[in-house]
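Asker: The structure file final_17.txt (compact mmCIF, N, CA and C atoms) is provided below.
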# COMPACT_ATOMS: atom_id res chain seq x y z
N PHE A 1 28.51 -7.96 -14.82
CA PHE A 1 27.33 -8.60 -14.28
C PHE A 1 27.54 -10.10 -14.11
N GLN A 2 28.43 -10.68 -14.89
CA GLN A 2 28.55 -12.13 -14.89
C GLN A 2 29.03 -12.69 -13.56
N MET A 3 29.57 -11.85 -12.68
CA MET A 3 30.02 -12.34 -11.38
C MET A 3 28.92 -12.23 -10.32
N THR A 4 27.74 -11.79 -10.70
CA THR A 4 26.65 -11.67 -9.74
C THR A 4 25.86 -12.97 -9.68
N ALA A 5 25.22 -13.20 -8.54
CA ALA A 5 24.47 -14.44 -8.33
C ALA A 5 23.28 -14.53 -9.27
N GLY A 6 23.15 -15.65 -9.96
CA GLY A 6 21.99 -15.91 -10.79
C GLY A 6 21.99 -15.26 -12.16
N TRP A 7 23.01 -14.48 -12.49
CA TRP A 7 23.03 -13.80 -13.79
C TRP A 7 23.18 -14.82 -14.89
N PRO A 8 22.50 -14.75 -16.02
CA PRO A 8 21.58 -13.71 -16.43
C PRO A 8 20.11 -14.00 -16.14
N GLU A 9 19.78 -15.13 -15.55
CA GLU A 9 18.38 -15.46 -15.32
C GLU A 9 17.72 -14.54 -14.29
N VAL A 10 18.48 -14.12 -13.29
CA VAL A 10 17.96 -13.28 -12.22
C VAL A 10 18.81 -12.02 -12.13
N ALA A 11 18.17 -10.85 -12.22
CA ALA A 11 18.91 -9.59 -12.23
C ALA A 11 18.86 -8.85 -10.90
N THR A 12 18.28 -9.44 -9.88
CA THR A 12 18.06 -8.74 -8.61
C THR A 12 19.34 -8.14 -8.04
N GLU A 13 20.42 -8.89 -8.01
CA GLU A 13 21.67 -8.37 -7.45
C GLU A 13 22.20 -7.20 -8.27
N VAL A 14 22.04 -7.26 -9.59
CA VAL A 14 22.47 -6.16 -10.45
C VAL A 14 21.66 -4.91 -10.11
N CYS A 15 20.34 -5.05 -9.97
CA CYS A 15 19.49 -3.90 -9.63
C CYS A 15 19.86 -3.30 -8.28
N GLN A 16 20.27 -4.12 -7.35
CA GLN A 16 20.56 -3.64 -6.00
C GLN A 16 21.96 -3.06 -5.84
N GLU A 17 22.92 -3.50 -6.65
CA GLU A 17 24.31 -3.16 -6.40
C GLU A 17 24.98 -2.23 -7.41
N PHE A 18 24.52 -2.21 -8.65
CA PHE A 18 25.23 -1.49 -9.69
C PHE A 18 24.66 -0.09 -9.90
N PRO A 19 25.50 0.86 -10.31
CA PRO A 19 25.01 2.21 -10.62
C PRO A 19 23.97 2.17 -11.74
N ALA A 20 23.06 3.13 -11.71
CA ALA A 20 21.97 3.14 -12.69
C ALA A 20 21.73 4.55 -13.21
N VAL A 21 21.10 4.62 -14.38
CA VAL A 21 20.57 5.89 -14.88
C VAL A 21 19.12 5.93 -14.42
N CYS A 22 18.75 7.00 -13.73
CA CYS A 22 17.43 7.06 -13.11
C CYS A 22 16.60 8.23 -13.62
N VAL A 23 15.28 8.06 -13.53
CA VAL A 23 14.35 9.12 -13.88
C VAL A 23 13.16 9.02 -12.93
N ASN A 24 12.66 10.16 -12.49
CA ASN A 24 11.49 10.23 -11.63
C ASN A 24 10.26 10.37 -12.52
N LEU A 25 9.30 9.44 -12.39
CA LEU A 25 8.11 9.44 -13.24
C LEU A 25 6.85 9.62 -12.40
N PRO A 26 6.44 10.85 -12.13
CA PRO A 26 5.15 11.04 -11.44
C PRO A 26 4.01 10.59 -12.36
N LEU A 27 2.93 10.14 -11.78
CA LEU A 27 1.79 9.65 -12.55
C LEU A 27 1.26 10.71 -13.50
N ASN A 28 1.07 10.33 -14.75
CA ASN A 28 0.48 11.17 -15.80
C ASN A 28 1.26 12.45 -16.11
N ARG A 29 2.57 12.45 -15.88
CA ARG A 29 3.39 13.62 -16.20
C ARG A 29 4.44 13.22 -17.22
N CYS A 30 4.49 13.94 -18.34
CA CYS A 30 5.47 13.70 -19.39
C CYS A 30 6.85 14.15 -18.92
N VAL A 31 7.83 13.25 -18.99
CA VAL A 31 9.16 13.52 -18.47
C VAL A 31 10.20 13.23 -19.55
N LYS A 32 11.15 14.15 -19.72
CA LYS A 32 12.26 13.90 -20.65
C LYS A 32 13.27 13.01 -19.94
N ALA A 33 13.57 11.88 -20.54
CA ALA A 33 14.53 10.94 -19.97
C ALA A 33 15.95 11.47 -20.18
N PRO A 34 16.89 11.07 -19.32
CA PRO A 34 18.29 11.45 -19.53
C PRO A 34 18.78 10.96 -20.90
N SER A 35 19.65 11.70 -21.52
CA SER A 35 20.18 11.36 -22.83
C SER A 35 20.78 9.95 -22.83
N GLY A 36 20.41 9.16 -23.80
CA GLY A 36 20.95 7.81 -23.93
C GLY A 36 20.26 6.76 -23.07
N MET A 37 19.28 7.16 -22.29
CA MET A 37 18.60 6.19 -21.42
C MET A 37 17.68 5.30 -22.25
N GLY A 38 17.73 4.02 -21.99
CA GLY A 38 16.83 3.07 -22.61
C GLY A 38 15.70 2.73 -21.65
N ALA A 39 14.69 2.04 -22.15
CA ALA A 39 13.57 1.64 -21.31
C ALA A 39 13.01 0.31 -21.82
N PRO A 40 12.54 -0.53 -20.91
CA PRO A 40 11.94 -1.79 -21.35
C PRO A 40 10.53 -1.59 -21.88
N PHE A 41 10.11 -2.44 -22.80
CA PHE A 41 8.71 -2.43 -23.22
C PHE A 41 8.24 -3.85 -23.50
N SER A 42 6.99 -4.10 -23.12
CA SER A 42 6.41 -5.42 -23.33
C SER A 42 5.32 -5.41 -24.39
N MET A 43 4.90 -4.21 -24.80
CA MET A 43 3.89 -4.09 -25.86
C MET A 43 4.21 -2.90 -26.76
N ASN A 44 3.89 -3.05 -28.03
CA ASN A 44 4.01 -1.97 -29.00
C ASN A 44 2.59 -1.64 -29.45
N THR A 45 2.02 -0.58 -28.91
CA THR A 45 0.62 -0.25 -29.21
C THR A 45 0.50 0.87 -30.24
N THR A 46 1.51 0.99 -31.10
CA THR A 46 1.49 2.05 -32.11
C THR A 46 0.57 1.73 -33.28
N SER A 47 0.23 0.46 -33.48
CA SER A 47 -0.65 0.10 -34.60
C SER A 47 -1.54 -1.08 -34.21
N PRO A 48 -2.68 -1.21 -34.87
CA PRO A 48 -3.59 -2.33 -34.58
C PRO A 48 -2.94 -3.70 -34.82
N GLU A 49 -1.97 -3.76 -35.73
CA GLU A 49 -1.32 -5.03 -36.04
C GLU A 49 -0.46 -5.55 -34.89
N THR A 50 0.05 -4.64 -34.06
CA THR A 50 0.98 -5.06 -33.00
C THR A 50 0.43 -4.86 -31.58
N GLU A 51 -0.71 -4.20 -31.43
CA GLU A 51 -1.12 -3.77 -30.09
C GLU A 51 -1.52 -4.89 -29.14
N ASN A 52 -1.83 -6.07 -29.63
CA ASN A 52 -2.24 -7.16 -28.74
C ASN A 52 -1.15 -8.19 -28.46
N PHE A 53 0.04 -7.96 -28.99
CA PHE A 53 1.13 -8.90 -28.80
C PHE A 53 1.96 -8.49 -27.58
N VAL A 54 2.23 -9.42 -26.68
CA VAL A 54 3.03 -9.15 -25.48
C VAL A 54 4.39 -9.82 -25.65
N TYR A 55 5.46 -9.03 -25.50
CA TYR A 55 6.82 -9.56 -25.63
C TYR A 55 7.29 -10.13 -24.30
N ARG A 56 7.70 -11.40 -24.31
CA ARG A 56 8.30 -12.05 -23.14
C ARG A 56 9.49 -12.83 -23.64
N PRO A 57 10.71 -12.52 -23.24
CA PRO A 57 11.06 -11.42 -22.35
C PRO A 57 10.83 -10.07 -23.01
N VAL A 58 10.82 -9.05 -22.20
CA VAL A 58 10.56 -7.70 -22.71
C VAL A 58 11.68 -7.26 -23.64
N HIS A 59 11.37 -6.31 -24.49
CA HIS A 59 12.35 -5.73 -25.41
C HIS A 59 12.89 -4.44 -24.81
N ALA A 60 13.92 -3.91 -25.44
CA ALA A 60 14.52 -2.65 -24.97
C ALA A 60 14.33 -1.57 -26.02
N ASN A 61 13.79 -0.44 -25.60
CA ASN A 61 13.74 0.76 -26.42
C ASN A 61 15.01 1.52 -26.06
N LEU A 62 15.98 1.56 -26.94
CA LEU A 62 17.29 2.13 -26.61
C LEU A 62 17.30 3.65 -26.56
N ASN A 63 16.20 4.29 -26.93
CA ASN A 63 16.11 5.74 -26.83
C ASN A 63 14.77 6.11 -26.19
N ALA A 64 14.73 6.15 -24.88
CA ALA A 64 13.48 6.40 -24.15
C ALA A 64 12.92 7.79 -24.45
N GLU A 65 13.79 8.76 -24.64
CA GLU A 65 13.47 10.16 -24.95
C GLU A 65 12.44 10.76 -23.99
N TYR A 66 11.16 10.65 -24.28
CA TYR A 66 10.12 11.14 -23.36
C TYR A 66 9.35 9.94 -22.82
N MET A 67 9.01 10.00 -21.53
CA MET A 67 8.35 8.89 -20.87
C MET A 67 7.16 9.39 -20.05
N ILE A 68 6.22 8.48 -19.81
CA ILE A 68 5.07 8.81 -18.97
C ILE A 68 4.58 7.53 -18.27
N LEU A 69 4.22 7.67 -17.01
CA LEU A 69 3.61 6.59 -16.23
C LEU A 69 2.11 6.84 -16.23
N SER A 70 1.35 5.86 -16.62
CA SER A 70 -0.11 6.04 -16.67
C SER A 70 -0.81 4.83 -16.06
N TRP A 71 -2.08 5.03 -15.75
CA TRP A 71 -2.97 3.99 -15.22
C TRP A 71 -4.04 3.78 -16.27
N MET A 72 -3.96 2.65 -17.01
CA MET A 72 -4.86 2.43 -18.13
C MET A 72 -5.39 1.02 -18.11
N GLY A 73 -6.47 0.83 -18.86
CA GLY A 73 -7.11 -0.47 -18.93
C GLY A 73 -6.68 -1.29 -20.12
N ILE A 74 -6.64 -2.61 -19.90
CA ILE A 74 -6.44 -3.59 -20.97
C ILE A 74 -7.44 -4.71 -20.69
N ASP A 75 -8.29 -4.98 -21.65
CA ASP A 75 -9.28 -6.05 -21.51
C ASP A 75 -10.07 -5.94 -20.21
N GLY A 76 -10.50 -4.73 -19.87
CA GLY A 76 -11.34 -4.53 -18.71
C GLY A 76 -10.64 -4.45 -17.37
N GLN A 77 -9.30 -4.55 -17.36
CA GLN A 77 -8.54 -4.44 -16.11
C GLN A 77 -7.58 -3.27 -16.22
N ASN A 78 -7.39 -2.53 -15.11
CA ASN A 78 -6.46 -1.40 -15.10
C ASN A 78 -5.10 -1.83 -14.60
N PHE A 79 -4.06 -1.27 -15.21
CA PHE A 79 -2.67 -1.55 -14.85
C PHE A 79 -1.86 -0.26 -14.98
N PHE A 80 -0.73 -0.21 -14.26
CA PHE A 80 0.24 0.85 -14.50
C PHE A 80 0.98 0.51 -15.78
N HIS A 81 1.23 1.52 -16.61
CA HIS A 81 2.00 1.40 -17.85
C HIS A 81 3.11 2.44 -17.81
N ILE A 82 4.30 2.06 -18.23
CA ILE A 82 5.36 3.04 -18.46
C ILE A 82 5.59 3.08 -19.97
N TYR A 83 5.29 4.22 -20.56
CA TYR A 83 5.51 4.43 -21.99
C TYR A 83 6.85 5.12 -22.19
N SER A 84 7.54 4.76 -23.26
CA SER A 84 8.82 5.39 -23.60
C SER A 84 8.85 5.68 -25.09
N GLY A 85 9.75 6.60 -25.48
CA GLY A 85 9.85 6.99 -26.88
C GLY A 85 8.68 7.83 -27.33
N CYS A 86 8.07 8.54 -26.39
CA CYS A 86 6.87 9.35 -26.68
C CYS A 86 7.25 10.66 -27.38
N SER A 87 6.24 11.33 -27.92
CA SER A 87 6.44 12.68 -28.46
C SER A 87 6.76 13.62 -27.30
N SER A 88 7.22 14.83 -27.59
CA SER A 88 7.68 15.75 -26.55
C SER A 88 6.59 16.17 -25.57
N ASN A 89 5.33 16.03 -25.94
CA ASN A 89 4.24 16.34 -25.00
C ASN A 89 3.53 15.07 -24.53
N CYS A 90 3.98 13.92 -24.99
CA CYS A 90 3.45 12.60 -24.63
C CYS A 90 1.99 12.39 -25.01
N ASP A 91 1.47 13.20 -25.95
CA ASP A 91 0.08 13.02 -26.38
C ASP A 91 -0.16 11.63 -26.95
N ASP A 92 0.79 11.12 -27.75
CA ASP A 92 0.62 9.80 -28.34
C ASP A 92 0.53 8.73 -27.26
N CYS A 93 1.45 8.75 -26.32
CA CYS A 93 1.47 7.75 -25.26
C CYS A 93 0.31 7.92 -24.29
N SER A 94 -0.08 9.15 -24.02
CA SER A 94 -1.22 9.40 -23.13
C SER A 94 -2.52 8.83 -23.70
N SER A 95 -2.57 8.71 -25.01
CA SER A 95 -3.77 8.15 -25.65
C SER A 95 -3.64 6.64 -25.85
N GLY A 96 -2.56 6.04 -25.32
CA GLY A 96 -2.41 4.59 -25.40
C GLY A 96 -1.66 4.09 -26.61
N ARG A 97 -0.92 4.97 -27.30
CA ARG A 97 -0.17 4.58 -28.49
C ARG A 97 1.32 4.75 -28.25
N GLY A 98 2.06 3.64 -28.26
CA GLY A 98 3.51 3.73 -28.08
C GLY A 98 4.09 2.43 -27.59
N LEU A 99 5.32 2.51 -27.10
CA LEU A 99 6.01 1.36 -26.53
C LEU A 99 5.78 1.39 -25.03
N THR A 100 5.19 0.34 -24.48
CA THR A 100 4.82 0.36 -23.07
C THR A 100 5.27 -0.89 -22.33
N LEU A 101 5.68 -0.69 -21.12
CA LEU A 101 5.95 -1.79 -20.19
C LEU A 101 4.70 -1.92 -19.33
N THR A 102 4.06 -3.06 -19.40
CA THR A 102 2.87 -3.31 -18.59
C THR A 102 2.70 -4.80 -18.39
N PRO A 103 2.19 -5.25 -17.27
CA PRO A 103 1.88 -4.42 -16.11
C PRO A 103 3.15 -4.10 -15.33
N VAL A 104 3.19 -2.91 -14.76
CA VAL A 104 4.31 -2.51 -13.89
C VAL A 104 3.99 -3.03 -12.50
N GLN A 105 4.91 -3.78 -11.94
CA GLN A 105 4.71 -4.39 -10.62
C GLN A 105 5.35 -3.52 -9.55
N LEU A 106 4.51 -2.92 -8.72
CA LEU A 106 4.99 -2.07 -7.65
C LEU A 106 4.84 -2.80 -6.32
N PRO A 107 5.70 -2.58 -5.34
CA PRO A 107 6.58 -1.42 -5.19
C PRO A 107 7.93 -1.54 -5.91
N SER A 108 8.30 -2.74 -6.41
CA SER A 108 9.57 -2.83 -7.12
C SER A 108 9.50 -3.90 -8.19
N MET A 109 10.34 -3.69 -9.17
CA MET A 109 10.39 -4.60 -10.31
C MET A 109 11.82 -4.56 -10.86
N CYS A 110 12.39 -5.70 -11.13
CA CYS A 110 13.73 -5.78 -11.68
C CYS A 110 13.71 -6.87 -12.73
N GLY A 111 14.31 -6.61 -13.88
CA GLY A 111 14.29 -7.61 -14.93
C GLY A 111 15.37 -7.42 -15.97
N ILE A 112 15.32 -8.29 -16.96
CA ILE A 112 16.30 -8.32 -18.04
C ILE A 112 15.54 -8.34 -19.36
N THR A 113 15.98 -7.52 -20.30
CA THR A 113 15.38 -7.54 -21.63
C THR A 113 15.94 -8.71 -22.42
N ARG A 114 15.37 -8.96 -23.56
CA ARG A 114 15.84 -10.09 -24.37
C ARG A 114 17.29 -9.91 -24.81
N ASP A 115 17.78 -8.66 -24.85
CA ASP A 115 19.17 -8.38 -25.22
C ASP A 115 20.06 -8.24 -23.99
N GLN A 116 19.56 -8.64 -22.83
CA GLN A 116 20.27 -8.65 -21.55
C GLN A 116 20.62 -7.27 -21.01
N TYR A 117 19.77 -6.28 -21.29
CA TYR A 117 19.83 -5.01 -20.58
C TYR A 117 19.05 -5.19 -19.29
N VAL A 118 19.54 -4.59 -18.22
CA VAL A 118 18.87 -4.72 -16.92
C VAL A 118 18.07 -3.45 -16.65
N TYR A 119 16.87 -3.62 -16.10
CA TYR A 119 16.05 -2.48 -15.71
C TYR A 119 15.48 -2.72 -14.31
N GLY A 120 15.31 -1.63 -13.59
CA GLY A 120 14.72 -1.70 -12.26
C GLY A 120 13.72 -0.57 -12.09
N ILE A 121 12.64 -0.85 -11.37
CA ILE A 121 11.60 0.14 -11.11
C ILE A 121 11.31 0.12 -9.62
N LEU A 122 11.34 1.30 -9.01
CA LEU A 122 11.05 1.41 -7.58
C LEU A 122 9.97 2.46 -7.36
N TYR A 123 9.04 2.15 -6.47
CA TYR A 123 7.99 3.09 -6.09
C TYR A 123 8.44 3.86 -4.86
N ASN A 124 8.28 5.18 -4.91
CA ASN A 124 8.62 6.03 -3.78
C ASN A 124 7.36 6.72 -3.30
N PRO A 125 6.89 6.40 -2.07
CA PRO A 125 5.67 7.04 -1.56
C PRO A 125 5.88 8.48 -1.09
N ASN A 126 7.12 8.98 -1.19
CA ASN A 126 7.47 10.35 -0.78
C ASN A 126 7.17 10.64 0.68
N ASP A 127 7.34 9.62 1.52
CA ASP A 127 7.17 9.82 2.96
C ASP A 127 8.47 9.64 3.74
N GLY A 128 9.59 9.52 3.00
CA GLY A 128 10.89 9.38 3.63
C GLY A 128 11.27 7.96 4.02
N THR A 129 10.41 6.99 3.76
CA THR A 129 10.71 5.61 4.16
C THR A 129 11.56 4.85 3.16
N ILE A 130 11.61 5.31 1.91
CA ILE A 130 12.35 4.60 0.86
C ILE A 130 13.23 5.57 0.10
N ASP A 131 14.49 5.19 -0.09
CA ASP A 131 15.42 5.97 -0.90
C ASP A 131 15.52 5.32 -2.28
N THR A 132 14.86 5.90 -3.24
CA THR A 132 14.87 5.33 -4.59
C THR A 132 15.99 5.89 -5.46
N SER A 133 16.85 6.70 -4.89
CA SER A 133 17.95 7.28 -5.67
C SER A 133 19.31 6.73 -5.21
N PHE A 134 19.33 5.63 -4.48
CA PHE A 134 20.57 5.13 -3.88
C PHE A 134 21.63 4.71 -4.88
N ASN A 135 21.30 4.28 -6.09
CA ASN A 135 22.30 3.87 -7.08
C ASN A 135 22.37 4.80 -8.28
N CYS A 136 21.71 5.94 -8.20
CA CYS A 136 21.68 6.86 -9.34
C CYS A 136 22.96 7.69 -9.41
Starting from the file, lay out its structure as structure tokens.
Answerer:
Amino acid sequence: FQMTAGWPEVATEVCQEFPAVCVNLPLNRCVKAPSGMGAPFSMNTTSPETENFVYRPVHANLNAEYMILSWMGIDGQNFFHIYSGCSSNCDDCSSGRGLTLTPVQLPSMCGITRDQYVYGILYNPNDGTIDTSFNC
């Protein structure tokens, strides 16, 4: 990555050019992540002590295991959330408890965790106009 433009402050070229581990996350559907896949998180909502703290830069959950994309409210505003490390049926994350990346910025988002892991998120409207599997 060190030979890419702007690294490590800007990860855009890494997101566009390097191979990635990918997962398709339909809204409100619990999905098993590929083995060893990590996921970024900006909030840990597993307990009242940590649920209001936002991590900047985001942290990395090195074992995403089960993931879910949801549309939930925070302080009266709704945002997309990507939860990772959920139980096998995602009940915990569906109820707002877990490690979450929020707000998710669509149609695309690319960033770096505090440990310099790169993550990218692409929205696919399923109309054939965008190929979101090009680096998978």
Asker: Against segment 95-103 of chain A, which residues of segment 49-79 of chain A fall within 8 Å? For each one I want the closest pair of atoms and the distance in Å (one decimal), counting only N, CA and C atoms, rows by chain and increasing residue number, as a Markdown table.
Answerer:
| residue | atom | partner | partner_atom | distance |
| --- | --- | --- | --- | --- |
| A:Val58 | CA | A:Leu101 | CA | 7.9 |
| A:Asn61 | CA | A:Leu99 | CA | 7.8 |
| A:Met72 | CA | A:Gly96 | CA | 8.0 |
| A:Asn78 | C | A:Pro103 | CA | 7.6 |
| A:Phe79 | CA | A:Pro103 | CA | 5.5 |
Asker: If you keep N, CA and C atoms, can you produce a file of those selected residues as a CSV table (one decimal), keeping the file's coordinate frame?
Answerer:
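Output contents, as saved in part.csv:
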chain,number,residue,atom,x,y,z
A,58,VAL,N,10.8,-9.0,-22.2
A,58,VAL,CA,10.6,-7.7,-22.7
A,58,VAL,C,11.7,-7.3,-23.6
A,61,ASN,N,13.8,-0.4,-25.6
A,61,ASN,CA,13.7,0.8,-26.4
A,61,ASN,C,15.0,1.5,-26.1
A,72,MET,N,-4.0,2.6,-17.0
A,72,MET,CA,-4.9,2.4,-18.1
A,72,MET,C,-5.4,1.0,-18.1
A,78,ASN,N,-7.4,-2.5,-15.1
A,78,ASN,CA,-6.5,-1.4,-15.1
A,78,ASN,C,-5.1,-1.8,-14.6
A,79,PHE,N,-4.1,-1.3,-15.2
A,79,PHE,CA,-2.7,-1.6,-14.8
A,79,PHE,C,-1.9,-0.3,-15.0
Asker: Compile the contact shell of Glu65 of chain A as a list in words: residues with an atom at most 8 Å away, counting only N, CA and C atoms, same-chain residues fewer than 3 positions apart removed.
Answerer: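 Listing them by chain and then by number gives Val31, Lys32, Ala33, Pro34, Ser35, Gly36, Met37, Gly38, Ala39, Asn61, Leu62, Ile68, Ser84, Gly85, Cys86, Ser87 and Ser88 of chain A.
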Asker: Determine, counting all atoms listed in the file, which protein, DNA and RNA residues have an atom within 8 Å of an atom of Cys136 of chain A; residues of the same chain fewer than 2 positions away are not included. Present the result as a list in words.
Answerer: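 In the requested form, the answer reads Phe18, Pro19, Ala20, Val21, Cys22, Val23, Thr132, Ser133 and Phe134 of chain A.
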Asker: At what distance in Å, to one decimal, does atom CA of Phe41 of chain A lie from atom CA of Tyr123 of chain A?
Answerer: 18.0 Å
Asker: Return the single residue from A:Gln116, A:Asp92, A:Asn28, A:Arg56 that is closest to Trp71 of chain A, with distances computed using only N, CA and C atoms.
Answerer: A:Asn28
Asker: Go through A:Ile121, A:Leu69, A:Ile130, A:Ala64 one by one, measure the shortest atom-to-atom distance of each to Pro26 of chain A using only N, CA and C atoms, and give the residue with the smallest value.
Answerer: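 So, comparing all the options, the nearest one is A:Leu69.
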Asker: Of the candidates A:Asn63, A:Thr45, A:Val104, A:Asp115, which shows the shortest atom-to-atom distance to Phe80 of chain A, using only C-alpha atoms?
Answerer: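 Using only C-alpha atoms, Phe80 of chain A sits closest to A:Val104.
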Asker: Enumerate, as number ranges by chain, the complete set of residues in segment 7-132 of chain A that a backbone-based DSSP assignment places in alpha helix (DSSP H).
Answerer: A: 12-17, 91-94
Asker: Mind pulling up the distance from atom C of Val118 of chain A to atom N of Cys30 of chain A?
Answerer: 22.1 Å
Asker: Tell me, in Å to one decimal, how far atom CA of Ile82 of chain A is from atom N of Gly6 of chain A.
Answerer: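 The value is 27.2 Å.
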Asker: For a cutoff of 9 Å around the file-coordinate point (12.3, -2.2, -12.0), which residues qualify once you count only C-alpha atoms? I'd like the result as an NGL selection string.
Answerer: :A and (15 or 104-111 or 118-122)
Asker: Got a sec to tell me which of chain A DSSP assigns to strand (DSSP E or B), as a PyMOL selection string?
Answerer: chain A and resi 27+31-32+39-44+54-61+66-74+77-84+99-101+108-112+118-122
Asker: Would you compute, for all listed atoms of segment 71-83 of chain A, the axis-aligned bounding box grown by 4 Å on each side, and then report its centre and edge lengths in Å rounded to one decimal, as AutoDock Vina command-line options?
Answerer:
--center_x -2.2 --center_y -0.5 --center_z -18.2 --size_x 26.2 --size_y 19.2 --size_z 15.9
Asker: Would you mind putting back N, CA, C and O atoms on segment 87-104 of chain A, then writing it out as an mmCIF file, keeping the file's coordinate frame?
Answerer:
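Listed below is the output, out.cif:
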data_model
loop_
_atom_site.group_PDB
_atom_site.id
_atom_site.type_symbol
_atom_site.label_atom_id
_atom_site.label_comp_id
_atom_site.auth_asym_id
_atom_site.auth_seq_id
_atom_site.Cartn_x
_atom_site.Cartn_y
_atom_site.Cartn_z
ATOM 1 N N SER A 87 6.240 11.330 -27.920
ATOM 2 C CA SER A 87 6.440 12.680 -28.460
ATOM 3 C C SER A 87 6.760 13.620 -27.300
ATOM 4 O O SER A 87 6.583 13.272 -26.138
ATOM 5 N N SER A 88 7.220 14.830 -27.590
ATOM 6 C CA SER A 88 7.680 15.750 -26.550
ATOM 7 C C SER A 88 6.590 16.170 -25.570
ATOM 8 O O SER A 88 6.877 16.614 -24.473
ATOM 9 N N ASN A 89 5.330 16.030 -25.940
ATOM 10 C CA ASN A 89 4.240 16.340 -25.000
ATOM 11 C C ASN A 89 3.530 15.070 -24.530
ATOM 12 O O ASN A 89 2.557 15.149 -23.780
ATOM 13 N N CYS A 90 3.980 13.920 -24.990
ATOM 14 C CA CYS A 90 3.450 12.600 -24.630
ATOM 15 C C CYS A 90 1.990 12.390 -25.010
ATOM 16 O O CYS A 90 1.332 11.481 -24.497
ATOM 17 N N ASP A 91 1.470 13.200 -25.950
ATOM 18 C CA ASP A 91 0.080 13.020 -26.380
ATOM 19 C C ASP A 91 -0.160 11.630 -26.950
ATOM 20 O O ASP A 91 -1.203 11.017 -26.698
ATOM 21 N N ASP A 92 0.790 11.120 -27.750
ATOM 22 C CA ASP A 92 0.620 9.800 -28.340
ATOM 23 C C ASP A 92 0.530 8.730 -27.260
ATOM 24 O O ASP A 92 -0.385 7.914 -27.239
ATOM 25 N N CYS A 93 1.450 8.750 -26.320
ATOM 26 C CA CYS A 93 1.470 7.750 -25.260
ATOM 27 C C CYS A 93 0.310 7.920 -24.290
ATOM 28 O O CYS A 93 -0.240 6.929 -23.794
ATOM 29 N N SER A 94 -0.080 9.150 -24.020
ATOM 30 C CA SER A 94 -1.220 9.400 -23.130
ATOM 31 C C SER A 94 -2.520 8.830 -23.700
ATOM 32 O O SER A 94 -3.440 8.500 -22.951
ATOM 33 N N SER A 95 -2.570 8.710 -25.010
ATOM 34 C CA SER A 95 -3.770 8.150 -25.650
ATOM 35 C C SER A 95 -3.640 6.640 -25.850
ATOM 36 O O SER A 95 -4.489 6.032 -26.500
ATOM 37 N N GLY A 96 -2.560 6.040 -25.320
ATOM 38 C CA GLY A 96 -2.410 4.590 -25.400
ATOM 39 C C GLY A 96 -1.660 4.090 -26.610
ATOM 40 O O GLY A 96 -1.705 2.908 -26.925
ATOM 41 N N ARG A 97 -0.920 4.970 -27.300
ATOM 42 C CA ARG A 97 -0.170 4.580 -28.490
ATOM 43 C C ARG A 97 1.320 4.750 -28.250
ATOM 44 O O ARG A 97 1.796 5.874 -28.041
ATOM 45 N N GLY A 98 2.060 3.640 -28.260
ATOM 46 C CA GLY A 98 3.510 3.730 -28.080
ATOM 47 C C GLY A 98 4.090 2.430 -27.590
ATOM 48 O O GLY A 98 3.459 1.376 -27.628
ATOM 49 N N LEU A 99 5.320 2.510 -27.100
ATOM 50 C CA LEU A 99 6.010 1.360 -26.530
ATOM 51 C C LEU A 99 5.780 1.390 -25.030
ATOM 52 O O LEU A 99 6.148 2.360 -24.365
ATOM 53 N N THR A 100 5.190 0.340 -24.480
ATOM 54 C CA THR A 100 4.820 0.360 -23.070
ATOM 55 C C THR A 100 5.270 -0.890 -22.330
ATOM 56 O O THR A 100 5.248 -1.989 -22.890
ATOM 57 N N LEU A 101 5.680 -0.690 -21.120
ATOM 58 C CA LEU A 101 5.950 -1.790 -20.190
ATOM 59 C C LEU A 101 4.700 -1.920 -19.330
ATOM 60 O O LEU A 101 4.313 -0.972 -18.637
ATOM 61 N N THR A 102 4.060 -3.060 -19.400
ATOM 62 C CA THR A 102 2.870 -3.310 -18.590
ATOM 63 C C THR A 102 2.700 -4.800 -18.390
ATOM 64 O O THR A 102 3.088 -5.580 -19.267
ATOM 65 N N PRO A 103 2.190 -5.250 -17.270
ATOM 66 C CA PRO A 103 1.880 -4.420 -16.110
ATOM 67 C C PRO A 103 3.150 -4.100 -15.330
ATOM 68 O O PRO A 103 4.062 -4.907 -15.258
ATOM 69 N N VAL A 104 3.190 -2.910 -14.760
ATOM 70 C CA VAL A 104 4.310 -2.510 -13.890
ATOM 71 C C VAL A 104 3.990 -3.030 -12.500
ATOM 72 O O VAL A 104 2.910 -2.775 -11.969
#
